[in-house]
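Student: Got a structure for you, written out below as structure tokens; questions coming shortly.
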Amino acid sequence: MMTVQMTLQEQLVKQVDQLAHKLHTSRSAFTREALKLAIKKYKMLELEKKHKEGYHQHPVSKGEFDMFEEESAWGDS
């Protein structure tokens, strides 16, 4: 592991410390997890963007998913 020095707003550090204490973890562990989640979120947003761009480049054609219509029917309740 590396040690990284960061400059953060005092209020943000206080909030991190409060949450870390509440979660029975350290500031470093809390921050590591927060950074991992932020990276995961960014990657998901990038995949969603690519998915959207794919549909713009290759739109669904009429009837393309008709074969799944019966499987997706909820039926009458």
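Residues are named by chain letter and number: chains run A, B, ... in the order of the structure tokens, numbers start at 1 in each chain, and ligands are numbered from 1 in the order shown.
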Could you pull the residues within 12 Å of Arg32 in chain A, counting only C-alpha atoms, minus those fewer than 6 positions along the same chain, as a JSON list (two decimals) with N, CA and C atoms, in the first residue's frame?

Tutor:
```json
[["chain", "number", "residue", "atom", "x", "y", "z"],
["A", 1, "MET", "N", 0.83, -1.18, 0.00],
["A", 1, "MET", "CA", 0.00, 0.00, 0.00],
["A", 1, "MET", "C", 0.87, 1.24, 0.00],
["A", 2, "MET", "N", 0.30, 2.30, -0.56],
["A", 2, "MET", "CA", 1.00, 3.57, -0.59],
["A", 2, "MET", "C", 0.35, 4.54, 0.39],
["A", 3, "THR", "N", 1.13, 5.45, 0.90],
["A", 3, "THR", "CA", 0.60, 6.54, 1.71],
["A", 3, "THR", "C", 0.41, 7.73, 0.78],
["A", 4, "VAL", "N", -0.78, 8.31, 0.82],
["A", 4, "VAL", "CA", -1.11, 9.44, -0.06],
["A", 4, "VAL", "C", -1.55, 10.61, 0.80],
["A", 16, "VAL", "N", -16.28, 12.49, 7.44],
["A", 16, "VAL", "CA", -15.64, 11.18, 7.24],
["A", 16, "VAL", "C", -15.29, 10.56, 8.59],
["A", 20, "ALA", "N", -16.77, 7.10, 9.89],
["A", 20, "ALA", "CA", -15.80, 6.04, 10.14],
["A", 20, "ALA", "C", -15.95, 5.52, 11.57],
["A", 25, "THR", "N", -14.56, 1.77, 11.80],
["A", 25, "THR", "CA", -13.46, 1.61, 10.86],
["A", 25, "THR", "C", -12.55, 2.84, 10.96],
["A", 26, "SER", "N", -11.51, 2.84, 10.20],
["A", 26, "SER", "CA", -10.59, 3.98, 10.21],
["A", 26, "SER", "C", -10.92, 4.95, 9.09],
["A", 38, "ALA", "N", -16.61, 4.99, -5.88],
["A", 38, "ALA", "CA", -16.63, 6.06, -6.88],
["A", 38, "ALA", "C", -16.11, 5.55, -8.23],
["A", 39, "ILE", "N", -15.07, 4.74, -8.20],
["A", 39, "ILE", "CA", -14.52, 4.17, -9.43],
["A", 39, "ILE", "C", -15.53, 3.21, -10.05]]
```

Student: So which residues of chain A fall under alpha helix (DSSP H) by DSSP, listed as number ranges by chain?

Tutor: A: 10-22, 27-57, 69-72

Student: Identify, on the basis of only C-alpha atoms, every residue whose closest approach to Met6 in chain A does not exceed 12 Å; exclude the query and any residue fewer than 5 positions from it along the same chain; express the result as a PyMOL selection string.

Tutor: chain A and resi 13+28+31

Student: When you draw a straight line from CA of Leu35 in chain A to CA of His51 in chain A, how long is it in Å?

Tutor: 24.3 Å
